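Encoded as structure tokens, the structure appears first; notes follow it.
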Amino acid sequence: AEYWGVVAVGGDGMLAEVVQGVAARTDSEEVLAALPLGHIPAGSGNGLAKSILSEAGELYDPLVATFLVLKATPKPLDLSVVTTPESRDLSFLCLGWAIISDVDIESERYRWLGSARFTVGAIERIAFLRHYRGRLAYLPADEGTVPPRP
């Protein structure tokens with residue numbers, strides 16, 4: 001069967017799950033290049049939907065996001081690939097580590113607070129601060145593969 005695209009209704013995590021599911025396919029690069037993904041926000045933070053709507057010159061509103069999906073004018077979205085010895089994951093919007101990730105994950109128990117859960121989680125994590133160690137490596141893009149900024 002042929003599909004026009006996939007629409008995820010939920011927060012950034014829901015769309016991330018869709019992307020990870022596609023990435024698990026052996027033909028993931030072709031599918032991601034050809035299959036438009038739509039996002040109707042229904043989560044706590046909805047950062048991706050806010051970014052997309054802002055770029056389109058629209059105010060943040062789930063109904064406006066729905067109309068934007070129905071307009072069917074897809075735009076490219078940059079993805080990051082995160083590889084560890086245990087996994088290979090795709091990331092969009094941002095890549096978090098250390099305190100940011102802890103706040104996001106540990107604030108799940110405060111989901112009933114809506115987006116305020118992140119503030120409560122941050123205060124809690126700052127009050128009981130941890131130390132984080134890590135190493136970051138990257139491969140620079142080849143000349144000519146990165147499109148110029150508008």
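Quick note on naming: the chains in the structure tokens go A, B, ... in the order shown, residues restart at 1 in each chain, and ligands are numbered from 1 in order of appearance.
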
With range 13-27 of chain A as the partner and 10 Å as the cut-off, tabulate the residues of range 42-131 of chain A that qualify, each row holding the nearest pair of atoms and their distance in Å to one decimal, using only C-alpha atoms, sorted by chain and rising number, as a tab-separated table.
```
residue	atom	partner	partner_atom	distance
A:Ala42	CA	A:Met14	CA	9.3
A:Gly43	CA	A:Gly13	CA	8.2
A:Ser44	CA	A:Gly13	CA	9.8
A:Gly45	CA	A:Gly13	CA	9.6
A:Asn46	CA	A:Gly13	CA	8.9
A:Leu48	CA	A:Leu15	CA	9.2
A:Leu79	CA	A:Val19	CA	9.6
A:Arg88	CA	A:Ala23	CA	8.9
A:Asp89	CA	A:Gln20	CA	6.7
A:Leu90	CA	A:Gln20	CA	6.4
A:Ser91	CA	A:Ala16	CA	7.3
A:Phe92	CA	A:Ala16	CA	7.7
A:Leu93	CA	A:Ala16	CA	9.9
```

Selection export as a compact mmCIF listing (two decimals), in the first residue's frame, atoms kept: N, CA, C and O atoms:
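After the write, out16.txt holds the following:
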```txt
# COMPACT_ATOMS: atom_id res chain seq x y z
N ALA A 42 0.33 17.32 21.29
CA ALA A 42 -0.57 16.94 22.38
C ALA A 42 0.24 16.46 23.58
O ALA A 42 -0.19 15.59 24.32
N GLY A 43 1.43 17.02 23.75
CA GLY A 43 2.30 16.61 24.84
C GLY A 43 2.51 17.71 25.85
O GLY A 43 1.79 18.70 25.86
N SER A 44 3.55 17.57 26.66
CA SER A 44 3.84 18.56 27.70
C SER A 44 4.64 19.74 27.17
O SER A 44 4.30 20.89 27.44
N GLY A 45 5.70 19.47 26.43
CA GLY A 45 6.56 20.55 25.96
C GLY A 45 6.26 21.00 24.55
O GLY A 45 6.15 22.18 24.27
N ASN A 46 6.12 20.06 23.63
CA ASN A 46 5.80 20.33 22.23
C ASN A 46 6.77 21.27 21.54
O ASN A 46 6.39 22.12 20.74
N LEU A 48 9.06 20.77 19.19
CA LEU A 48 9.15 20.67 17.73
C LEU A 48 7.98 21.39 17.07
O LEU A 48 8.17 22.15 16.13
N LEU A 79 18.30 15.68 11.06
CA LEU A 79 18.36 14.64 12.09
C LEU A 79 19.81 14.43 12.48
O LEU A 79 20.70 14.51 11.65
N ARG A 88 22.06 2.76 18.07
CA ARG A 88 22.15 3.85 17.08
C ARG A 88 20.79 4.53 17.09
O ARG A 88 19.78 3.90 16.76
N ASP A 89 20.74 5.79 17.47
CA ASP A 89 19.48 6.51 17.58
C ASP A 89 19.51 7.78 16.75
O ASP A 89 20.57 8.39 16.57
N LEU A 90 18.35 8.17 16.27
CA LEU A 90 18.21 9.44 15.56
C LEU A 90 17.63 10.46 16.51
O LEU A 90 16.82 10.14 17.38
N SER A 91 18.02 11.70 16.33
CA SER A 91 17.56 12.77 17.19
C SER A 91 17.16 13.96 16.33
O SER A 91 17.78 14.24 15.31
N PHE A 92 16.12 14.67 16.75
CA PHE A 92 15.73 15.92 16.10
C PHE A 92 15.51 16.96 17.17
O PHE A 92 15.40 16.64 18.35
N LEU A 93 15.46 18.20 16.78
CA LEU A 93 15.20 19.33 17.67
C LEU A 93 16.38 19.62 18.57
O LEU A 93 16.92 20.71 18.57
```

| said: Report as an MDAnalysis selection string all protein, DNA and RNA residues lying within 10 Å of Tyr132 in chain A, evaluated on only C-alpha atoms, omitting residues in the same chain fewer than 5 positions from it. | reply: chainID A and resid 97:99

For the residues selected in the previous step, produce a file with N, CA and C atoms as a PDB file, in the first residue's frame.
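This went into out.pdb:
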```pdb
ATOM      1  N   TRP A  97      21.812  15.709  27.310  1.00  0.00           N
ATOM      2  CA  TRP A  97      22.633  14.813  28.106  1.00  0.00           C
ATOM      3  C   TRP A  97      22.775  15.433  29.487  1.00  0.00           C
ATOM      4  N   ALA A  98      23.056  14.640  30.443  1.00  0.00           N
ATOM      5  CA  ALA A  98      23.324  15.091  31.808  1.00  0.00           C
ATOM      6  C   ALA A  98      22.066  15.665  32.453  1.00  0.00           C
ATOM      7  N   ILE A  99      22.167  16.857  33.018  1.00  0.00           N
ATOM      8  CA  ILE A  99      21.066  17.398  33.816  1.00  0.00           C
ATOM      9  C   ILE A  99      19.798  17.593  32.980  1.00  0.00           C
TER      10      ILE A  99
END
```

| query | Looking at only C-alpha atoms, which of A:Leu68, A:Val81, A:Leu139, A:Ala56 is the one that sits closest to Gly38 in chain A? | reply | A:Leu68

| Of the candidates A:Val82, A:Ile40, A:Ala34, A:Val120, which one gets nearest to Ala137 in chain A if we count only C-alpha atoms? | A:Val82

| said: Need to verify the contact set: Val103 in chain A, 6 Å, only C-alpha atoms, exclusion of same-chain residues closer than 4 positions in sequence. Can you return it as a list in words? | reply: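 So, after excluding close chain neighbours, the residues are Ser107, Gly121 and Ala122 of chain A.
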
| task | Could you give me, as number ranges by chain, each residue of range 36-70 of chain A that DSSP assigns to alpha helix (DSSP H) when run on this structure's backbone? | result | A: 47-55, 62-70

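Excluding range 4-7 of chain A itself and same-chain residues fewer than 3 positions from it, the residues having an atom within 7 Å of it are Leu35, Pro36, Leu37, Gly38 and His39 of chain A, counting only C-alpha atoms.
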
| Hey, what does DSSP flag as strand (DSSP E or B) within range 60-143 of chain A? Can you give it to me as an NGL selection string? | :A and (80-83 or 88-91)

| remark: Nearest to Phe128 in chain A, restricted to only C-alpha atoms and choosing among A:Asp102, A:Asp142, A:Glu108, A:Glu30, comes out as A:Asp102

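Put simply, CA of Thr66 in chain A is 8.6 Å away from CA of Pro41 in chain A.
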
| field | Which of A:Leu136, A:Ile100, A:Leu32, A:Val64 sits closest to Thr119 in chain A [using only C-alpha atoms] | value | A:Ile100

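Across the structure, CA of Ser28 in chain A and CA of Tyr3 in chain A are spaced 15.3 Å apart.
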
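The space between CA of Gly114 in chain A and CA of Arg130 in chain A spans 25.1 Å.
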
| query | Using only C-alpha atoms, which residue out of A:Asp104, A:Asp78, A:Glu124, A:Glu55 lies closest to Ala33 in chain A? | reply |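 Result for the nearest residue to Ala33 in chain A: A:Asp78.
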